[in-house]
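Coordinates from protein_38.tsv are shown below (TSV, C-alpha atoms).
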chain	number	residue	atom	x	y	z
A	1	MET	CA	74.03	112.15	135.96
A	2	ASN	CA	76.76	110.98	138.30
A	3	GLY	CA	80.08	112.79	138.22
A	4	VAL	CA	82.17	109.91	136.91
A	5	ALA	CA	79.94	109.22	133.91
A	6	LYS	CA	79.79	112.97	133.28
A	7	HIS	CA	83.61	113.18	133.19
A	8	LEU	CA	83.81	110.27	130.77
A	9	ILE	CA	81.17	111.78	128.48
A	10	GLU	CA	83.02	115.11	128.56
A	11	ALA	CA	86.25	113.32	127.66
A	12	LEU	CA	84.55	111.65	124.66
A	13	LYS	CA	83.09	115.01	123.58
A	14	ASP	CA	86.54	116.61	123.77
A	15	LEU	CA	88.11	113.74	121.81
A	16	THR	CA	85.41	114.06	119.16
A	17	LYS	CA	85.99	117.82	118.83
A	18	LEU	CA	89.74	117.27	118.51
A	19	HIS	CA	89.19	114.71	115.77
A	20	GLU	CA	86.91	117.15	113.97
A	21	ARG	CA	89.81	119.62	114.02
A	22	PHE	CA	92.18	116.90	112.77
A	23	ASN	CA	89.75	116.27	109.90
A	24	GLY	CA	89.78	119.95	109.00
A	25	LEU	CA	93.58	119.99	109.01
A	26	ALA	CA	93.70	116.83	106.89
A	27	LYS	CA	91.56	118.58	104.26
A	28	GLU	CA	93.82	121.63	104.40
A	29	LYS	CA	96.82	119.35	103.85
A	30	ALA	CA	95.16	117.84	100.79
A	31	GLU	CA	94.59	121.30	99.30
A	32	ALA	CA	98.16	122.35	100.06
A	33	VAL	CA	99.52	119.23	98.36
A	34	LYS	CA	97.25	119.71	95.33
A	35	LYS	CA	98.41	123.31	94.95
A	36	SER	CA	102.06	122.53	95.83
A	37	GLU	CA	101.98	125.11	98.63
A	38	MET	CA	104.82	123.92	100.85
A	39	LYS	CA	104.61	126.87	103.23
A	40	THR	CA	100.93	126.19	103.88
A	41	LEU	CA	101.64	122.48	104.30
A	42	ASP	CA	104.35	123.27	106.84
A	43	GLU	CA	101.97	125.51	108.81
A	44	VAL	CA	99.28	122.82	108.82
A	45	LEU	CA	101.78	120.24	110.06
A	46	LYS	CA	102.79	122.55	112.92
A	47	ARG	CA	99.15	123.02	113.95
A	48	GLU	CA	98.65	119.28	113.71
A	49	SER	CA	101.63	118.71	115.99
A	50	ALA	CA	100.06	120.99	118.62
A	51	LEU	CA	96.77	119.09	118.28
A	52	ILE	CA	98.57	115.80	118.89
A	53	GLN	CA	99.70	117.14	122.25
A	54	GLU	CA	96.11	118.15	123.05
A	55	LEU	CA	94.94	114.70	122.00
A	56	SER	CA	97.42	113.07	124.34
A	57	ALA	CA	96.21	115.18	127.27
A	58	CYS	CA	92.57	114.49	126.42
A	59	GLU	CA	93.23	110.75	126.17
A	60	LYS	CA	94.81	110.84	129.63
A	61	LYS	CA	91.68	112.57	130.91
A	62	ARG	CA	89.55	109.79	129.39
A	63	GLN	CA	91.74	107.11	130.94
A	64	ILE	CA	91.47	108.72	134.38
A	65	ALA	CA	87.68	109.02	134.07
A	66	THR	CA	87.47	105.35	133.04
A	67	SER	CA	89.72	104.26	135.93
A	68	ASP	CA	87.63	106.29	138.39
A	69	TRP	CA	84.46	104.72	137.05
A	70	LEU	CA	85.92	101.20	137.33
A	71	HIS	CA	87.09	101.90	140.88
A	72	ARG	CA	83.64	103.16	141.93
A	73	GLN	CA	82.01	100.09	140.41
A	74	GLY	CA	84.43	97.84	142.29
A	75	LEU	CA	85.66	96.34	139.03
A	76	VAL	CA	89.24	95.38	138.46
A	77	LYS	CA	89.67	95.23	134.74
A	78	GLU	CA	91.96	96.71	132.12
A	79	ASN	CA	90.96	97.96	128.68
A	80	VAL	CA	87.27	98.24	129.46
A	81	THR	CA	85.13	99.30	126.51
A	82	VAL	CA	82.23	101.73	126.46
A	83	GLU	CA	79.90	98.84	125.58
A	84	GLU	CA	80.95	97.06	128.77
A	85	MET	CA	80.26	100.19	130.82
A	86	ILE	CA	76.77	100.98	129.51
A	87	PRO	CA	74.88	98.28	131.47
A	88	TYR	CA	76.14	99.86	134.68
A	89	LEU	CA	74.87	103.33	133.79
A	90	GLU	CA	71.42	104.84	133.94
A	91	ASP	CA	69.59	104.83	130.59
A	92	GLU	CA	70.16	108.52	129.90
A	93	GLU	CA	73.88	108.30	130.72
A	94	GLY	CA	74.28	105.12	128.68
A	95	ASP	CA	72.53	106.66	125.68
A	96	GLU	CA	74.66	109.80	125.82
A	97	LEU	CA	77.86	107.79	126.25
A	98	ARG	CA	76.94	105.58	123.29
A	99	PHE	CA	76.09	108.66	121.19
A	100	TRP	CA	79.50	110.26	121.81
A	101	GLN	CA	81.24	106.97	121.26
A	102	GLN	CA	79.61	106.68	117.81
A	103	ARG	CA	80.41	110.31	116.96
A	104	LEU	CA	84.05	109.78	117.92
A	105	LEU	CA	84.30	106.58	115.90
A	106	GLU	CA	82.79	108.34	112.87
A	107	GLU	CA	85.28	111.22	113.13
A	108	ILE	CA	88.17	108.75	113.42
A	109	ARG	CA	86.90	106.88	110.35
A	110	LEU	CA	86.67	110.12	108.34
A	111	TRP	CA	90.14	111.16	109.47
A	112	LYS	CA	91.58	107.80	108.44
A	113	GLU	CA	89.96	108.05	105.00
A	114	GLN	CA	91.26	111.60	104.48
A	115	ASN	CA	94.76	110.58	105.54
A	116	GLU	CA	94.69	107.68	103.09
A	117	LEU	CA	93.67	110.11	100.34
A	118	ASN	CA	96.47	112.48	101.38
A	119	GLU	CA	98.96	109.64	101.23
A	120	GLN	CA	97.87	108.86	97.67
A	121	LEU	CA	98.14	112.55	96.72
A	122	ILE	CA	101.65	112.74	98.12
A	123	HIS	CA	102.72	109.59	96.26
A	124	GLU	CA	101.31	111.01	93.02
A	125	SER	CA	103.09	114.32	93.64
A	126	LEU	CA	106.38	112.53	94.26
A	127	ARG	CA	105.94	110.46	91.14
A	128	PHE	CA	105.29	113.64	89.14
A	129	VAL	CA	108.39	115.30	90.63
A	130	ASN	CA	110.52	112.27	89.78
A	131	MET	CA	109.20	112.19	86.21
A	132	SER	CA	109.92	115.91	85.86
A	133	LEU	CA	113.45	115.46	87.17
A	134	ASP	CA	114.03	112.57	84.77
A	135	ALA	CA	112.84	114.74	81.88
A	136	PHE	CA	115.31	117.51	82.76
A	137	GLN	CA	118.29	115.25	83.32
A	138	PRO	CA	119.79	114.09	80.04
A	139	LYS	CA	120.57	110.43	79.86
A	140	GLN	CA	124.20	109.67	79.16
A	141	SER	CA	124.50	108.12	75.74
A	142	GLU	CA	126.90	105.26	75.17
A	143	ASN	CA	128.23	107.06	72.09
A	144	TYR	CA	129.59	109.83	74.26
A	145	ALA	CA	130.64	107.87	77.33
A	146	ARG	CA	134.30	107.12	77.85
A	147	PRO	CA	134.74	103.36	77.74
A	148	ASN	CA	136.68	101.75	80.55
A	149	ARG	CA	138.52	98.84	78.99
A	150	GLY	CA	140.88	97.97	81.77
A	151	HIS	CA	143.28	100.80	80.94
A	152	SER	CA	144.90	102.74	83.70
A	153	TYR	CA	143.97	106.34	84.33
A	154	ALA	CA	147.25	107.48	82.78
A	155	GLU	CA	146.56	105.49	79.64
A	156	GLU	CA	143.07	106.96	79.35
A	157	ARG	CA	144.43	110.48	79.59
A	158	ARG	CA	146.97	109.91	76.79
A	159	SER	CA	145.85	111.47	73.56
A	160	VAL	CA	146.72	110.43	70.02
A	161	PHE	CA	149.67	112.85	70.12
A	162	ASP	CA	151.06	111.24	73.29
A	163	SER	CA	151.24	107.74	71.85
A	164	LYS	CA	154.59	106.00	71.34
A	165	ALA	CA	156.05	106.08	67.89

Structure encoded using structure tokens:
Amino acid sequence: MNGVAKHLIEALKDLTKLHERFNGLAKEKAEAVKKSEMKTLDEVLKRESALIQELSACEKKRQIATSDWLHRQGLVKENVTVEEMIPYLEDEEGDELRFWQQRLLEEIRLWKEQNELNEQLIHESLRFVNMSLDAFQPKQSENYARPNRGHSYAEERRSVFDSKA
């Protein structure tokens, strides 16, 4: 296996592993939301933030490996896909690259689905919180509200005993 293809395959493996970790964190977030464990949710979000930095570094590594491969092939092209690269690789390299591409795409799909579920859970939690707050806050009844009929503040403050004779 030539070095450039090896670096690209390694980058895809690393990206796949990172997305597996993201999927695990997304499931932890769902559990934390279900159980209303804000401390746990905060910890998961911090770990996720660190993973995002790792993802950025790994993506740079993939971009460099792709650029190196394009340069060695004498191709001048931006946004090359794995499918476009495979015909230029030996069968074994192409098969392995395709395998890791599919694994990565599957992990991304699972992560997207879990995040959509988490979004729904959060919306439901917020709706529940709002309903609970509404239940605890008494509505102001019109029978007890002070009417504002164009009187000045001083007139409103005047009681029956302060009225003119």

Can you tell me which residues surround range 45-47 of chain A at a distance of at most 10 Å, considering all atoms listed in the file, apart from same-chain residues fewer than 6 positions away, and format the answer as number ranges by chain? A: 21-22, 25-26, 28-29, 39

For Gly94 in chain A, find every residue with an atom within 12 Å (counting all atoms listed in the file), except residues of its own chain fewer than 2 positions away, and show them as a PyMOL selection string. chain A and resi 1-2+5-6+8-9+82-92+96-101

Tell me, in Å to one decimal, how far CA of Arg127 in chain A is from CA of Glu31 in chain A.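 Going from CA of Arg127 in chain A over to CA of Glu31 in chain A covers 17.7 Å.
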
Counting only C-alpha atoms, which of A:Leu133, A:Ala11, A:Ala32, A:Leu18 gets nearest to Ala50 in chain A? A:Leu18

Between A:Ala30, A:Met38, A:Leu70, A:Lys17, single out the one closest to Glu54 in chain A, counting all atoms listed in the file.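 Checking each of A:Ala30, A:Met38, A:Leu70, A:Lys17 against Glu54 in chain A, counting all atoms listed in the file, the winner is A:Lys17.
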
Between CA of Lys34 in chain A and CA of Leu15 in chain A - distance in Å to one decimal: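 CA of Leu15 in chain A sits 28.6 Å away from CA of Lys34 in chain A.
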
Just to confirm, what's the straight-line distance from CA of Thr81 in chain A to CA of Leu55 in chain A in Å (one decimal)? 18.8 Å
